[in-house]
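Novice: Next comes the structure file data.cif, holding mmCIF, C-alpha atoms.
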data_data
#
loop_
_atom_site.label_atom_id
_atom_site.label_comp_id
_atom_site.auth_asym_id
_atom_site.auth_seq_id
_atom_site.Cartn_x
_atom_site.Cartn_y
_atom_site.Cartn_z
CA MET A 11 7.51 16.18 12.72
CA SER A 12 6.53 13.03 10.84
CA LEU A 13 8.68 9.91 10.84
CA THR A 14 6.88 8.54 7.78
CA PRO A 15 9.26 8.28 4.81
CA GLN A 16 8.35 10.63 1.99
CA LEU A 17 8.82 9.65 -1.65
CA CYS A 18 10.59 12.06 -3.98
CA VAL A 19 8.39 10.95 -6.88
CA PRO A 20 4.62 10.57 -6.50
CA GLN A 21 3.48 6.94 -6.41
CA ALA A 22 0.93 7.54 -9.17
CA TYR A 23 3.71 8.71 -11.50
CA VAL A 24 5.74 5.56 -10.82
CA TRP A 25 2.76 3.27 -11.49
CA PHE A 26 1.80 5.19 -14.64
CA HIS A 27 5.33 5.02 -16.05
CA ALA A 28 6.30 1.60 -14.64
CA ALA A 29 6.85 -0.02 -18.05
CA GLY A 30 9.18 2.73 -19.26
CA LEU A 31 11.06 2.85 -15.97
CA LEU A 32 11.57 -0.91 -16.01
CA GLN A 33 12.78 -0.84 -19.62
CA ALA A 34 15.30 1.89 -18.80
CA LEU A 35 16.52 -0.03 -15.75
CA VAL A 36 16.97 -3.23 -17.77
CA VAL A 37 18.83 -1.43 -20.58
CA VAL A 38 21.17 0.30 -18.14
CA PHE A 39 21.80 -2.96 -16.28
CA VAL A 40 22.49 -4.93 -19.47
CA VAL A 41 24.81 -2.26 -20.88
CA LYS A 42 26.73 -2.05 -17.60
CA VAL A 43 27.10 -5.84 -17.38
CA ALA A 44 28.22 -6.12 -21.01
CA THR A 45 30.75 -3.31 -20.60
CA MET A 46 32.18 -4.80 -17.42
CA ILE A 47 32.42 -8.27 -18.98
CA LEU A 48 34.37 -6.85 -21.92
CA ILE A 49 36.74 -4.94 -19.65
CA MET A 50 37.33 -7.92 -17.38
CA ARG A 51 37.94 -10.21 -20.36
CA MET A 52 40.48 -7.68 -21.69
CA PHE A 53 42.33 -8.00 -18.36
CA GLY A 54 42.43 -11.79 -18.74
CA PHE A 55 39.63 -12.99 -16.47
CA MET A 56 37.91 -16.23 -17.44
CA GLY A 57 34.34 -16.10 -18.74
CA SER A 58 32.48 -17.28 -15.64
CA ALA A 59 34.49 -15.03 -13.31
CA ALA A 60 33.93 -12.04 -15.59
CA ILE A 61 30.17 -12.65 -15.77
CA THR A 62 29.77 -13.19 -12.03
CA SER A 63 31.81 -10.12 -11.14
CA ALA A 64 30.11 -7.95 -13.76
CA VAL A 65 26.62 -8.83 -12.51
CA ALA A 66 27.64 -8.18 -8.90
CA LEU A 67 29.20 -4.82 -9.77
CA ALA A 68 26.20 -3.77 -11.85
CA GLN A 69 23.80 -4.61 -9.01
CA VAL A 70 25.85 -2.68 -6.47
CA THR A 71 25.90 0.43 -8.64
CA GLU A 72 22.16 0.14 -9.35
CA TYR A 73 21.39 0.07 -5.64
CA SER A 74 23.67 3.04 -5.01
CA LEU A 75 21.68 5.10 -7.55
CA MET A 76 18.42 4.57 -5.67
#
Could you render the structure as structure tokens?

Specialist:
Amino acid sequence: MSLTPQLCVPQAYVWFHAAGLLQALVVVFVVKVATMILIMRMFGFMGSAAITSAVALAQVTEYSLM
């Protein structure tokens, strides 16, 4: 039994498609942040609080998807 972590996706695939994967990650992150900012502004939060909270929430959900 090996204790070495195994990747679900081959490393060569990740390197070959790195640009597309990064673009998708950025788009998802930006859309999530923008959506959360709009929702928080609708509930009356000030601009800086909405931005800070939206970025934090978007990062948490990105890490949970990995």

Novice: What is the atom CA of Ala64 of chain A-atom CA of Leu35 of chain A distance in Å, reported with one decimal?

Specialist: 15.9 Å

Novice: Selection in question (the file shown): the PyMOL selection byres ((chain A and resi 42) around 12). Which residues does it include, as a compact mmCIF listing (two decimals) with C-alpha atoms, keeping the file's coordinate frame?

Specialist:
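What ended up in selection17.txt:
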# COMPACT_ATOMS: atom_id res chain seq x y z
CA LEU A 35 16.52 -0.03 -15.75
CA VAL A 36 16.97 -3.23 -17.77
CA VAL A 37 18.83 -1.43 -20.58
CA VAL A 38 21.17 0.30 -18.14
CA PHE A 39 21.80 -2.96 -16.28
CA VAL A 40 22.49 -4.93 -19.47
CA VAL A 41 24.81 -2.26 -20.88
CA VAL A 43 27.10 -5.84 -17.38
CA ALA A 44 28.22 -6.12 -21.01
CA THR A 45 30.75 -3.31 -20.60
CA MET A 46 32.18 -4.80 -17.42
CA ILE A 47 32.42 -8.27 -18.98
CA LEU A 48 34.37 -6.85 -21.92
CA ILE A 49 36.74 -4.94 -19.65
CA ILE A 61 30.17 -12.65 -15.77
CA SER A 63 31.81 -10.12 -11.14
CA ALA A 64 30.11 -7.95 -13.76
CA VAL A 65 26.62 -8.83 -12.51
CA ALA A 66 27.64 -8.18 -8.90
CA LEU A 67 29.20 -4.82 -9.77
CA ALA A 68 26.20 -3.77 -11.85
CA GLN A 69 23.80 -4.61 -9.01
CA VAL A 70 25.85 -2.68 -6.47
CA THR A 71 25.90 0.43 -8.64
CA GLU A 72 22.16 0.14 -9.35

Novice: Rounded to one decimal, what separation in Å do you get between atom CA of Ala34 of chain A and atom CA of Met50 of chain A?

Specialist: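 Interatomic distance here is 24.2 Å.
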
Novice: Expressed in Å to a single decimal, how great is the separation between atom CA of Arg51 of chain A and atom CA of Gln33 of chain A?

Specialist: 26.9 Å
